[in-house]
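data.cif (mmCIF, C-alpha atoms)
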```
data_run
loop_
_atom_site.label_atom_id
_atom_site.label_comp_id
_atom_site.auth_asym_id
_atom_site.auth_seq_id
_atom_site.Cartn_x
_atom_site.Cartn_y
_atom_site.Cartn_z
CA MET K 1083 18.17 -16.11 4.36
CA ARG K 1084 19.55 -18.77 2.01
CA PHE K 1085 17.85 -19.74 -1.23
CA SER K 1086 18.33 -23.39 -0.34
CA ARG K 1087 16.15 -22.90 2.76
CA PHE K 1088 13.65 -20.44 1.30
CA PHE K 1089 10.32 -21.23 -0.35
CA LEU K 1090 10.38 -19.48 -3.73
CA PRO K 1091 8.36 -21.29 -6.43
CA VAL K 1092 9.24 -19.18 -9.49
CA LEU K 1093 7.63 -20.04 -12.83
CA ARG K 1094 9.42 -20.26 -16.16
CA GLU K 1095 6.40 -19.42 -18.32
CA ASP K 1096 3.82 -16.67 -18.15
CA PRO K 1097 0.60 -17.88 -16.47
CA LYS K 1098 -2.29 -18.01 -18.93
CA GLU K 1099 -4.74 -16.44 -16.49
CA ALA K 1100 -2.65 -13.29 -15.98
CA GLU K 1101 -4.03 -10.31 -17.92
CA ILE K 1102 -1.68 -7.54 -16.78
CA VAL K 1103 2.02 -7.18 -16.06
CA SER K 1104 1.78 -7.08 -12.27
CA HIS K 1105 -0.41 -10.20 -12.09
CA ARG K 1106 1.94 -12.06 -14.43
CA LEU K 1107 5.12 -11.07 -12.58
CA MET K 1108 3.69 -11.63 -9.10
CA LEU K 1109 2.75 -15.19 -10.07
CA ARG K 1110 6.00 -15.86 -11.92
CA ALA K 1111 8.18 -14.44 -9.14
CA GLY K 1112 6.45 -16.57 -6.50
CA LEU K 1113 4.86 -13.68 -4.60
CA ILE K 1114 1.31 -15.03 -4.65
CA SER K 1115 -0.61 -18.21 -5.43
CA GLN K 1116 -4.25 -18.27 -6.52
CA GLN K 1117 -6.44 -20.49 -4.33
CA ALA K 1118 -9.86 -19.70 -5.80
CA THR K 1119 -11.44 -16.96 -7.88
CA GLY K 1120 -10.28 -13.68 -6.37
CA LEU K 1121 -8.55 -15.39 -3.44
CA TYR K 1122 -4.76 -15.49 -3.12
CA ALA K 1123 -2.18 -16.87 -0.73
CA TRP K 1124 0.73 -14.52 -0.13
CA LEU K 1125 3.88 -16.63 -0.39
CA PRO K 1126 7.02 -15.78 1.61
CA LEU K 1127 8.55 -13.34 -0.90
CA GLY K 1128 5.28 -11.49 -1.46
CA TYR K 1129 4.47 -11.48 2.24
CA LYS K 1130 7.80 -9.76 2.98
CA VAL K 1131 6.87 -7.00 0.53
CA LEU K 1132 3.40 -6.73 2.04
CA ARG K 1133 4.86 -6.38 5.54
CA LYS K 1134 7.27 -3.65 4.40
CA VAL K 1135 4.38 -1.75 2.80
CA GLN K 1136 2.47 -2.15 6.07
CA ALA K 1137 5.41 -0.83 8.11
CA ILE K 1138 5.57 2.37 6.02
CA ILE K 1139 1.82 2.90 6.39
CA GLU K 1140 1.99 2.39 10.15
CA GLN K 1141 4.91 4.81 10.48
CA GLU K 1142 3.11 7.54 8.55
CA GLN K 1143 -0.23 7.00 10.30
CA ASN K 1144 1.49 7.21 13.68
CA ARG K 1145 3.40 10.31 12.56
CA ALA K 1146 0.08 11.96 11.65
CA GLY K 1147 -1.37 11.24 15.09
CA ALA K 1148 -3.55 8.20 14.35
CA VAL K 1149 -3.70 5.42 16.97
CA GLU K 1150 -3.52 1.77 15.90
CA MET K 1151 -5.91 -0.95 17.05
CA LEU K 1152 -7.43 -4.11 15.56
CA MET K 1153 -11.06 -4.94 14.88
CA PRO K 1154 -12.47 -8.38 14.00
CA THR K 1155 -13.23 -9.46 10.46
CA LEU K 1156 -16.80 -10.52 11.33
CA GLN K 1157 -19.36 -7.90 12.31
CA SER K 1158 -22.90 -7.95 13.66
CA ALA K 1159 -25.53 -7.14 11.05
CA ASP K 1160 -27.39 -5.16 13.73
CA LEU K 1161 -24.72 -2.43 13.61
CA TRP K 1162 -25.26 -2.02 9.88
CA ARG K 1163 -29.02 -1.92 10.37
CA GLU K 1164 -28.51 0.98 12.79
CA SER K 1165 -26.69 3.00 10.13
CA GLY K 1166 -29.14 1.96 7.42
CA ARG K 1167 -26.49 0.36 5.19
CA TYR K 1168 -27.22 -3.34 5.71
CA ASP K 1169 -29.82 -3.61 2.95
CA ASP K 1170 -28.22 -0.94 0.76
CA TYR K 1171 -24.73 -2.39 0.41
CA GLY K 1172 -25.64 -5.03 -2.17
CA LYS K 1173 -24.35 -8.45 -3.13
CA GLU K 1174 -20.73 -7.45 -2.52
CA MET K 1175 -21.36 -8.04 1.17
CA LEU K 1176 -20.83 -11.62 2.39
CA ARG K 1177 -23.68 -12.28 4.80
CA ILE K 1178 -23.39 -15.08 7.35
CA VAL K 1179 -25.75 -16.72 9.86
CA ASP K 1180 -24.09 -18.38 12.85
CA ARG K 1181 -25.33 -21.46 14.77
CA HIS K 1182 -27.47 -19.25 17.00
CA LYS K 1183 -29.28 -17.78 13.96
CA ARG K 1184 -27.61 -14.39 14.42
CA ASP K 1185 -26.91 -12.36 11.30
CA LEU K 1186 -23.24 -11.56 10.75
CA LEU K 1187 -21.22 -10.23 7.86
CA TYR K 1188 -17.60 -10.40 6.76
CA GLY K 1189 -16.62 -6.74 7.01
CA PRO K 1190 -16.12 -4.89 3.74
CA THR K 1191 -15.38 -1.73 5.78
CA ASN K 1192 -15.62 -0.67 9.43
CA GLU K 1193 -17.49 2.63 9.84
CA GLU K 1194 -20.27 1.05 11.90
CA MET K 1195 -18.02 -0.98 14.19
CA ILE K 1196 -15.64 1.89 14.95
CA THR K 1197 -18.63 4.15 15.68
CA ALA K 1198 -20.02 1.56 18.10
CA ILE K 1199 -16.63 1.33 19.84
CA PHE K 1200 -16.43 5.12 20.02
CA ARG K 1201 -19.89 5.53 21.58
CA SER K 1202 -19.07 2.93 24.24
CA TYR K 1203 -16.13 4.87 25.65
CA VAL K 1204 -16.05 8.50 24.50
CA ARG K 1205 -18.41 10.89 26.27
CA SER K 1206 -16.84 14.36 26.26
CA TYR K 1207 -15.54 16.86 23.74
CA LYS K 1208 -12.35 16.85 25.83
CA ASP K 1209 -11.54 13.40 24.37
CA LEU K 1210 -11.51 14.83 20.84
CA PRO K 1211 -9.93 14.87 18.32
CA LEU K 1212 -9.48 11.14 17.92
CA ASN K 1213 -8.26 9.10 14.98
CA LEU K 1214 -8.22 5.29 15.22
CA TYR K 1215 -6.92 2.95 12.55
CA HIS K 1216 -6.33 -0.71 11.94
CA ILE K 1217 -4.93 -2.97 9.22
CA GLN K 1218 -7.20 -5.93 8.65
CA TRP K 1219 -8.41 -8.38 6.02
CA LYS K 1220 -11.71 -7.53 4.36
CA PHE K 1221 -14.02 -9.21 1.87
CA ARG K 1222 -16.14 -7.86 -0.96
CA ASP K 1223 -17.76 -10.37 -3.27
CA GLU K 1224 -16.71 -8.67 -6.49
CA ILE K 1225 -18.83 -9.60 -9.48
CA ARG K 1226 -15.68 -9.87 -11.58
CA PRO K 1227 -12.44 -10.29 -9.63
CA ARG K 1228 -9.50 -9.62 -11.94
CA PHE K 1229 -5.90 -8.54 -12.25
CA GLY K 1230 -4.67 -10.70 -9.38
CA THR K 1231 -4.64 -8.91 -6.03
CA MET K 1232 -5.43 -5.62 -7.76
CA ARG K 1233 -9.13 -6.49 -7.62
CA SER K 1234 -9.49 -9.56 -5.43
CA ARG K 1235 -12.40 -10.55 -3.22
CA GLU K 1236 -10.34 -10.79 -0.04
CA PHE K 1237 -7.88 -7.95 0.53
CA LEU K 1238 -5.76 -6.33 3.22
CA MET K 1239 -6.70 -2.75 3.99
CA LYS K 1240 -5.67 0.07 6.28
CA ASP K 1241 -8.68 2.08 7.35
CA ALA K 1242 -8.56 5.03 9.73
CA TYR K 1243 -11.54 6.84 11.28
CA SER K 1244 -11.44 10.37 12.66
CA PHE K 1245 -13.84 11.93 15.17
CA ASP K 1246 -14.03 15.70 15.63
CA LEU K 1247 -16.32 18.25 17.24
CA ASP K 1248 -17.36 20.08 14.08
CA ARG K 1249 -16.78 20.33 10.34
CA GLU K 1250 -13.87 22.76 10.64
CA ARG K 1251 -11.89 20.43 12.89
CA ALA K 1252 -12.93 17.40 10.85
CA VAL K 1253 -11.47 19.02 7.72
CA GLU K 1254 -8.24 19.58 9.65
CA ALA K 1255 -8.18 15.83 10.37
CA TYR K 1256 -8.90 15.17 6.70
CA ASN K 1257 -5.95 17.36 5.72
CA ARG K 1258 -3.64 15.44 8.04
CA MET K 1259 -4.54 12.19 6.34
CA PHE K 1260 -4.28 13.83 2.90
CA VAL K 1261 -0.68 14.91 3.58
CA SER K 1262 0.11 11.60 5.26
CA TYR K 1263 -0.99 9.78 2.11
CA LEU K 1264 1.22 11.93 -0.10
CA ARG K 1265 4.21 10.91 2.02
CA THR K 1266 3.16 7.27 2.35
CA PHE K 1267 2.96 6.54 -1.35
CA ARG K 1268 6.11 8.45 -2.25
CA ARG K 1269 8.04 6.40 0.32
CA MET K 1270 6.94 3.31 -1.61
CA GLY K 1271 8.31 4.73 -4.84
CA LEU K 1272 4.88 5.72 -6.17
CA THR K 1273 3.57 9.00 -7.55
CA ALA K 1274 -0.02 8.96 -6.32
CA ILE K 1275 -2.12 11.93 -7.45
CA PRO K 1276 -5.08 12.94 -5.26
CA MET K 1277 -8.19 13.37 -7.41
CA ARG K 1278 -11.75 14.45 -6.68
CA ALA K 1279 -13.74 11.26 -6.35
CA GLU K 1280 -17.21 9.83 -5.93
CA THR K 1281 -17.97 8.84 -2.33
CA GLY K 1282 -20.02 5.74 -3.24
CA PRO K 1283 -21.54 3.67 -0.41
CA ILE K 1284 -19.25 5.29 2.19
CA GLY K 1285 -21.09 8.60 1.77
CA GLY K 1286 -20.19 12.23 2.43
CA ASP K 1287 -19.44 15.30 0.32
CA LEU K 1288 -15.63 15.40 0.31
CA SER K 1289 -13.42 12.65 -1.07
CA HIS K 1290 -10.17 12.11 -2.94
CA GLU K 1291 -8.85 9.00 -4.62
CA PHE K 1292 -5.08 8.64 -4.72
CA ILE K 1293 -4.31 7.42 -8.22
CA VAL K 1294 -1.14 5.88 -9.68
CA LEU K 1295 -1.13 6.36 -13.44
CA ALA K 1296 -0.85 3.08 -15.35
CA GLU K 1297 -2.06 1.81 -18.72
CA THR K 1298 -3.67 -1.14 -16.94
CA GLY K 1299 -5.59 1.06 -14.51
CA GLU K 1300 -9.30 0.41 -14.15
CA SER K 1301 -10.32 4.07 -14.02
CA ALA K 1302 -10.05 6.88 -16.53
CA VAL K 1303 -8.58 10.01 -14.95
CA PHE K 1304 -8.17 13.62 -16.05
CA CYS K 1305 -5.61 15.94 -14.52
CA HIS K 1306 -3.02 18.69 -14.92
CA ALA K 1307 0.32 17.16 -15.94
CA ASP K 1308 2.27 19.28 -13.43
CA LEU K 1309 0.81 17.17 -10.61
CA MET K 1310 3.25 14.43 -11.61
CA ASN K 1311 6.18 16.54 -10.41
CA LYS K 1312 4.86 18.33 -7.33
CA PRO K 1313 7.17 18.17 -4.28
CA ILE K 1314 6.11 15.90 -1.43
CA PRO K 1315 6.20 17.20 2.17
CA GLY K 1316 9.35 16.01 3.92
CA PRO K 1317 9.82 14.53 7.40
CA GLU K 1318 9.91 18.05 8.84
CA VAL K 1319 6.20 18.59 8.14
CA ASP K 1320 4.34 19.53 11.33
CA PHE K 1321 1.10 17.55 11.51
CA ARG K 1322 0.05 19.68 14.50
CA GLY K 1323 0.17 22.83 12.37
CA ASP K 1324 -2.00 24.19 9.56
CA LEU K 1325 -1.71 21.87 6.56
CA THR K 1326 -4.22 23.83 4.46
CA PRO K 1327 -1.52 25.43 2.25
CA ILE K 1328 -0.18 21.98 1.25
CA VAL K 1329 -3.65 20.59 0.51
CA SER K 1330 -4.66 23.77 -1.33
CA ASP K 1331 -1.51 23.61 -3.46
CA TRP K 1332 -2.23 20.02 -4.47
CA THR K 1333 -5.91 20.63 -5.15
CA SER K 1334 -5.40 23.91 -7.03
CA LEU K 1335 -4.68 22.00 -10.23
CA TYR K 1336 -7.45 20.04 -11.91
CA ALA K 1337 -7.60 16.33 -11.12
CA ALA K 1338 -10.71 14.15 -11.20
CA THR K 1339 -11.74 10.56 -11.77
CA GLU K 1340 -14.12 9.65 -14.58
CA ASP K 1341 -17.02 9.64 -12.10
CA MET K 1342 -16.40 13.28 -11.17
CA VAL K 1343 -14.87 14.84 -14.27
CA ASP K 1344 -16.46 17.89 -15.86
CA MET K 1345 -14.96 17.92 -19.34
CA GLU K 1346 -15.85 21.56 -19.95
CA GLU K 1347 -14.15 22.59 -16.69
CA PHE K 1348 -11.18 20.33 -17.46
CA GLU K 1349 -10.62 21.92 -20.87
CA GLN K 1350 -11.15 25.46 -19.59
CA SER K 1351 -8.91 25.20 -16.54
CA VAL K 1352 -6.04 23.14 -17.97
CA PRO K 1353 -3.92 24.38 -20.91
CA ALA K 1354 -4.01 22.03 -23.89
CA ASP K 1355 -0.34 21.09 -23.54
CA LYS K 1356 -0.87 20.20 -19.85
CA ARG K 1357 -4.00 18.06 -20.19
CA LEU K 1358 -3.38 14.51 -19.09
CA ALA K 1359 -6.12 11.98 -19.84
CA ALA K 1360 -4.98 8.56 -18.78
CA ARG K 1361 -5.85 5.48 -16.81
CA GLY K 1362 -4.99 4.93 -13.19
CA ILE K 1363 -4.92 2.52 -10.26
CA GLU K 1364 -6.62 3.62 -7.06
CA VAL K 1365 -4.35 2.85 -4.10
CA GLY K 1366 -6.15 4.84 -1.43
CA GLN K 1367 -9.18 7.03 -0.76
CA THR K 1368 -10.08 9.64 1.84
CA PHE K 1369 -13.63 10.62 2.92
CA TYR K 1370 -15.27 13.25 5.07
CA PHE K 1371 -18.92 12.41 5.84
CA GLY K 1372 -19.92 14.46 8.87
CA ASP K 1373 -22.43 12.74 11.16
CA LYS K 1374 -23.64 10.16 8.62
CA TYR K 1375 -22.85 7.34 11.08
CA SER K 1376 -22.55 9.05 14.45
CA ALA K 1377 -26.06 10.57 14.35
CA PRO K 1378 -28.15 7.48 13.48
CA MET K 1379 -26.04 5.31 15.78
CA GLN K 1380 -26.37 7.86 18.62
CA ALA K 1381 -22.62 8.17 19.12
CA THR K 1382 -22.71 11.56 20.83
CA VAL K 1383 -20.44 13.60 23.08
CA THR K 1384 -21.16 16.48 25.43
CA ASN K 1385 -19.80 19.80 24.17
CA ALA K 1386 -18.50 22.71 26.28
CA ASP K 1387 -22.08 23.99 26.73
CA GLY K 1388 -23.34 20.65 28.02
CA GLN K 1389 -25.18 19.80 24.80
CA GLU K 1390 -25.16 16.33 23.25
CA ILE K 1391 -23.78 16.50 19.70
CA ALA K 1392 -22.87 13.92 17.08
CA PRO K 1393 -19.16 14.15 16.13
CA HIS K 1394 -18.09 14.75 12.56
CA MET K 1395 -16.28 11.78 11.08
CA GLY K 1396 -13.97 10.86 8.23
CA SER K 1397 -12.54 7.58 6.98
CA TYR K 1398 -9.30 6.94 5.16
CA GLY K 1399 -8.40 3.72 3.35
CA ILE K 1400 -5.31 2.25 1.73
CA GLY K 1401 -5.49 -1.10 -0.02
CA LEU K 1402 -2.20 -2.81 0.81
CA THR K 1403 -2.89 -5.70 -1.55
CA ARG K 1404 -3.56 -3.15 -4.32
CA VAL K 1405 -0.43 -1.14 -3.52
CA VAL K 1406 1.93 -4.08 -4.15
CA PRO K 1407 0.79 -4.71 -7.77
CA ALA K 1408 0.73 -0.93 -8.33
CA ILE K 1409 4.42 -0.83 -7.37
CA VAL K 1410 5.10 -3.66 -9.81
CA GLU K 1411 3.19 -1.85 -12.58
CA ALA K 1412 5.30 1.25 -11.91
CA GLY K 1413 8.63 -0.63 -11.71
CA HIS K 1414 9.45 -3.49 -14.07
CA ASP K 1415 11.19 -4.35 -17.32
CA ASP K 1416 11.24 -7.31 -19.68
CA ASN K 1417 13.24 -9.37 -17.19
CA GLY K 1418 11.06 -8.89 -14.12
CA ILE K 1419 10.25 -6.65 -11.18
CA ILE K 1420 12.33 -3.64 -10.10
CA TRP K 1421 11.61 -2.99 -6.41
CA PRO K 1422 12.41 0.29 -4.65
CA VAL K 1423 14.71 -0.39 -1.70
CA SER K 1424 11.99 0.74 0.73
CA VAL K 1425 9.68 -2.20 -0.03
CA ALA K 1426 12.02 -4.77 -1.62
CA PRO K 1427 11.68 -8.26 -0.09
CA PHE K 1428 15.48 -8.27 0.21
CA GLU K 1429 17.87 -5.38 -0.37
CA VAL K 1430 20.74 -7.51 -1.69
CA VAL K 1431 20.97 -10.90 -3.34
CA LEU K 1432 24.35 -12.58 -2.91
CA ILE K 1433 25.07 -14.84 -5.88
CA SER K 1434 27.73 -17.54 -5.82
CA LEU K 1435 28.75 -18.47 -9.35
CA LYS K 1436 30.40 -21.73 -8.27
CA VAL K 1437 28.91 -23.41 -5.24
CA GLY K 1438 31.34 -26.05 -3.92
CA ASP K 1439 34.44 -24.10 -4.85
CA GLY K 1440 36.37 -23.57 -1.63
CA ASP K 1441 37.33 -19.96 -2.30
CA CYS K 1442 33.83 -18.99 -3.50
CA ASP K 1443 32.14 -20.66 -0.56
CA ALA K 1444 34.47 -19.02 1.96
CA ALA K 1445 34.11 -15.56 0.40
CA CYS K 1446 30.33 -15.84 0.19
CA GLU K 1447 29.97 -16.99 3.79
CA LYS K 1448 32.11 -14.09 5.00
CA LEU K 1449 30.14 -11.57 2.91
CA TYR K 1450 26.82 -13.10 3.96
CA ASP K 1451 27.69 -12.85 7.65
CA GLY K 1452 28.98 -9.30 7.18
CA LEU K 1453 25.84 -8.14 5.40
CA ARG K 1454 23.55 -9.58 8.03
CA THR K 1455 25.64 -8.13 10.87
CA ALA K 1456 25.43 -4.73 9.16
CA GLY K 1457 21.64 -4.98 9.12
CA ILE K 1458 21.25 -5.41 5.36
CA ASP K 1459 18.33 -7.62 4.33
CA VAL K 1460 20.12 -10.21 2.19
CA ILE K 1461 19.27 -13.49 0.50
CA TYR K 1462 22.16 -15.78 -0.44
CA ASP K 1463 21.75 -17.79 -3.65
CA ASP K 1464 23.65 -20.90 -2.56
CA ARG K 1465 21.89 -23.26 -4.99
CA GLU K 1466 23.86 -25.56 -7.27
CA GLN K 1467 22.58 -24.00 -10.47
CA GLY K 1468 24.14 -22.35 -13.48
CA ALA K 1469 24.96 -18.66 -13.48
CA GLY K 1470 22.32 -17.90 -16.13
CA ALA K 1471 19.50 -19.36 -14.07
CA LYS K 1472 20.64 -17.46 -10.98
CA PHE K 1473 20.83 -14.16 -12.85
CA ALA K 1474 17.40 -14.72 -14.38
CA THR K 1475 15.87 -15.41 -10.97
CA ALA K 1476 17.57 -12.38 -9.40
CA ASP K 1477 16.22 -10.13 -12.16
CA LEU K 1478 12.74 -11.69 -12.00
CA ILE K 1479 12.28 -11.17 -8.26
CA GLY K 1480 13.70 -7.66 -8.55
CA ILE K 1481 16.17 -7.39 -5.65
CA PRO K 1482 17.74 -3.88 -5.92
CA TYR K 1483 21.39 -4.97 -5.71
CA GLN K 1484 23.10 -8.17 -6.82
CA LEU K 1485 26.46 -9.05 -5.24
CA ILE K 1486 28.14 -11.52 -7.60
CA VAL K 1487 31.02 -13.71 -6.45
CA GLY K 1488 32.92 -15.96 -8.88
CA PRO K 1489 36.32 -17.67 -9.17
CA ARG K 1490 37.65 -15.29 -11.83
CA GLY K 1491 36.80 -12.18 -9.83
CA LEU K 1492 38.21 -13.64 -6.63
CA LYS K 1493 41.55 -14.23 -8.30
CA ALA K 1494 41.64 -10.50 -9.03
CA GLY K 1495 40.50 -9.78 -5.47
CA GLU K 1496 37.15 -8.39 -6.66
CA VAL K 1497 33.41 -8.97 -6.60
CA GLU K 1498 30.77 -7.43 -8.83
CA ILE K 1499 27.73 -5.33 -7.87
CA LYS K 1500 24.84 -5.07 -10.31
CA HIS K 1501 22.22 -2.35 -9.92
CA ARG K 1502 18.86 -3.90 -10.84
CA LYS K 1503 17.21 -0.56 -11.62
CA ASP K 1504 19.43 0.42 -14.54
CA GLY K 1505 21.59 -2.65 -15.09
CA THR K 1506 24.88 -0.89 -14.38
CA ARG K 1507 27.72 -2.96 -12.91
CA GLU K 1508 30.76 -2.12 -10.86
CA ASN K 1509 33.73 -4.16 -9.72
CA VAL K 1510 34.90 -3.51 -6.19
CA PRO K 1511 37.64 -5.03 -4.02
CA ILE K 1512 36.29 -7.76 -1.75
CA ALA K 1513 37.31 -5.79 1.32
CA GLU K 1514 35.25 -2.80 0.07
CA ALA K 1515 32.11 -4.70 -0.93
CA LEU K 1516 30.28 -4.32 2.38
CA ARG K 1517 31.08 -0.62 2.67
CA ARG K 1518 29.97 0.00 -0.93
CA LEU K 1519 26.65 -1.77 -0.41
CA MET K 1520 26.05 0.24 2.75
CA GLU K 1521 26.68 3.39 0.68
CA LEU K 1522 24.01 2.25 -1.77
CA VAL K 1523 21.37 0.82 0.55
CA VAL K 1524 21.36 3.16 3.55
CA PRO K 1525 20.79 6.43 1.60
CA ALA K 1526 18.08 4.70 -0.44
CA ARG K 1527 16.36 3.82 2.84
CA LEU K 1528 16.76 7.28 4.33
CA GLU K 1529 15.68 9.30 1.28
CA THR K 1530 12.16 7.89 1.64
CA ILE K 1531 11.77 8.72 5.33
#
```
Show how you would write the structure in this file as structure tokens.
Amino acid sequence: MRFSRFFLPVLREDPKEAEIVSHRLMLRAGLISQQATGLYAWLPLGYKVLRKVQAIIEQEQNRAGAVEMLMPTLQSADLWRESGRYDDYGKEMLRIVDRHKRDLLYGPTNEEMITAIFRSYVRSYKDLPLNLYHIQWKFRDEIRPRFGTMRSREFLMKDAYSFDLDRERAVEAYNRMFVSYLRTFRRMGLTAIPMRAETGPIGGDLSHEFIVLAETGESAVFCHADLMNKPIPGPEVDFRGDLTPIVSDWTSLYAATEDMVDMEEFEQSVPADKRLAARGIEVGQTFYFGDKYSAPMQATVTNADGQEIAPHMGSYGIGLTRVVPAIVEAGHDDNGIIWPVSVAPFEVVLISLKVGDGDCDAACEKLYDGLRTAGIDVIYDDREQGAGAKFATADLIGIPYQLIVGPRGLKAGEVEIKHRKDGTRENVPIAEALRRLMELVVPARLETI
């Protein structure tokens, strides 16, 4: 992609409405545009990040045995009346009446709909276990939308729903999603700590919120500091095996949100020098809730003895439009965003210091073609602007590697590579530039898989 053909409306000044770093930088870098209170358009640069986040989530859900589908945004109110949640959910639910006077709602979550789909097609215990997921836009009419897409009214969410014969097997499904989430967030460059959490309107008696520590987080959290450095299961993890040891290891150290914290237990179980009281951003949550939905909605299966039983269920959410600002909160400096390679909108930005110069243009075109042929996601800054403005934009939008081509360097047969993460620079021969960038980008991709 060329800058001259891309839509990237960066801002020079900090937006007045932005309260936190991620909101400010996402607006300034042209990732999002506010359309109304709590409603945002995802502009091309931001949408590329969102799609890369989605790809990682899909890969890890599929790896863990979940099956992808897609449900509509609008749901029948009758389904929610069956479960008993229609009147309980509150003003956050956007209720709609269509032209035929039928009650609908813009889905804030999908437990009822997935249960209705399940009961229409699944009849036997032989069809279990089953885990279905989708990635879809949802709406909750927040009383106070804030912090950009961190707490917006419309948001993109991955929600998975597991169905199992009994509690024991349902907890096994829960553990698969627990481990999948550990891997998912680490691949995005985040350290997300699972913490005991309140189940809220979803219900159930087992839940964890996955929290990224940040000063701007909405929730107070209390945990053992060693959780920040625990190893994440690698690609060799067997999701068909017993994952209890991994889950037990992660849950053996104290970690709870402010809704669930027991300060006496926290102080007794965590040494004083290991107590971490901080604020955090919730990027995902897992729930086990048994037959809370399957029983009242009569979603039953026949067991091996011929009895009709209600399956045990769990649900597992990740807020994609919360994850992106969480990544920005975790990776930025005074000049802008610092993206991990795994979710960066582009892996390399090619900067021409003198557009119109024959040698610069020729070198840039050759490098641009070579990078694209090699499969590197590159954006070429071919605008007729000064070097300072180009460097400022490159730093602001946070592309991991900057490939800088100028007349002086070309005379010496060299180009410059700047590492956005730490600001280091290296001069390399033009003929070695592509190989060097492959050495940098490819391992950074693979280390997260």
Contacts of Lys1356 of chain K at 10 Å (all atoms listed in the file; same-chain gap of 4+ positions) as a PyMOL selection string = chain K and resi 1305-1309+1349+1352
query = Could you tell me, as a list in words, which residues have any atom at most 9 Å from (29.2, -14.8, -12.2), counting only C-alpha atoms?
reply =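 It turns out the residues near that spot are Ile1433, Ser1434, Leu1435, Lys1436, Ala1469, Gly1470, Phe1473, Ile1486, Val1487, Gly1488, Pro1489, Arg1490, Gly1491 and Glu1498 of chain K.
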request  = Select, from K:Ser1165, K:Met1310, K:Phe1221, K:Leu1212, the residue with the minimum atom-to-atom distance to Arg1268 of chain K, counting all atoms listed in the file.
outcome  =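 Closest to Arg1268 of chain K of all the choices is K:Met1310.
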ask   = Which residue gives the smallest distance to Gly1401 of chain K among K:Tyr1129, K:Trp1219, K:Tyr1370, K:Trp1421, with all atoms listed in the file counted?
value =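 That would be K:Trp1219, the residue with the smallest distance to Gly1401 of chain K.
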query = For Arg1465 of chain K, which residue among K:Asp1443, K:Glu1150, K:Asp1373, K:Glu1318 is the nearest when counting only C-alpha atoms?
reply =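 Among the listed residues, K:Asp1443 lies closest to Arg1465 of chain K.
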message = Selection in question (the file shown): the PyMOL selection byres ((chain K and resi 1513) around 10). Which residues does it include, as a list in words?
response = Leu1449, Gly1495, Glu1496, Val1497, Val1510, Pro1511, Ile1512, Glu1514, Ala1515, Leu1516, Arg1517 and Arg1518 of chain K
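Of the listed residues (K:Leu1325, K:Asp1477, K:Pro1427, K:Gly1299), K:Pro1427 comes nearest to Pro1126 of chain K; the distances count only C-alpha atoms.
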query = Near Phe1267 of chain K, counting all atoms listed in the file, which residues have an atom at most 9 Å away, once you skip same-chain residues fewer than 5 positions from it, shown as a list of chain:residue names?
reply =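 Answer for this query is K:Ile1138, K:Ile1139, K:Ser1262, K:Leu1272, K:Thr1273, K:Ala1274, K:Phe1292, K:Val1365, K:Val1405.
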inquiry  = Restricting the calculation to all atoms listed in the file: of K:Pro1276, K:Pro1482, K:Gly1396, K:Gly1271, which residue gets closest to Gly1362 of chain K?
reply    = K:Pro1276
query = Within 10 Å of Gln1141 of chain K, counting only C-alpha atoms, which residues qualify if same-chain residues fewer than 4 places away don't, as a list in words?
reply = Gln1136, Ala1137, Arg1145, Ala1146, Ala1148, Ser1262, Thr1266 and Ile1531 of chain K
Those residues with C-alpha atoms, as an mmCIF file, in the frame of the given file please?
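Writing done, so here's selection_27.cif:
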```cif
data_model
loop_
_atom_site.group_PDB
_atom_site.id
_atom_site.type_symbol
_atom_site.label_atom_id
_atom_site.label_comp_id
_atom_site.auth_asym_id
_atom_site.auth_seq_id
_atom_site.Cartn_x
_atom_site.Cartn_y
_atom_site.Cartn_z
ATOM 1 C CA GLN K 1136 2.470 -2.150 6.070
ATOM 2 C CA ALA K 1137 5.410 -0.830 8.110
ATOM 3 C CA ARG K 1145 3.400 10.310 12.560
ATOM 4 C CA ALA K 1146 0.080 11.960 11.650
ATOM 5 C CA ALA K 1148 -3.550 8.200 14.350
ATOM 6 C CA SER K 1262 0.110 11.600 5.260
ATOM 7 C CA THR K 1266 3.160 7.270 2.350
ATOM 8 C CA ILE K 1531 11.770 8.720 5.330
#
```
Near-Arg1233 of chain K list (9 Å; all atoms listed in the file; drop same-chain fewer than 6 positions) as an MDAnalysis selection string = chainID K and resid 1120 1224 1226:1227 1403:1404
query = Counting only C-alpha atoms, which of K:Glu1174, K:Glu1411, K:Glu1254, K:Asp1241 gets nearest to Ser1104 of chain K?
reply = K:Glu1411
inquiry  = Here's the selection I'm unsure about, the PyMOL selection byres ((chain K and resi 1480) around 9); applied to the file above, which residues does it give, as a list in words?
reply    = Ala1111, His1414, Asn1417, Gly1418, Ile1419, Ile1420, Trp1421, Pro1422, Ala1426, Pro1427, Phe1428, Thr1475, Ala1476, Asp1477, Leu1478, Ile1479, Ile1481, Pro1482, Tyr1483, Arg1502 and Lys1503 of chain K
request  = List the residues selected by the PyMOL selection byres ((chain K and resi 1087-1102) around 9) in the file shown, writing them as a PyMOL selection string.
outcome  = chain K and resi 1083-1086+1103-1107+1109-1113+1125-1127+1228-1230+1298+1411+1461+1475+1478-1479
query = By how many Å are atom CA of Leu1485 of chain K and atom CA of Ile1499 of chain K apart?
reply = 4.7 Å
task = Could you pull out every residue with an atom within 7 Å of (-4.5, -5.3, 4.0), file coordinates, counting all atoms listed in the file, and send them as a VMD selection string?
result = chain K and resid 1217 to 1219 1237 to 1240 1401 to 1403
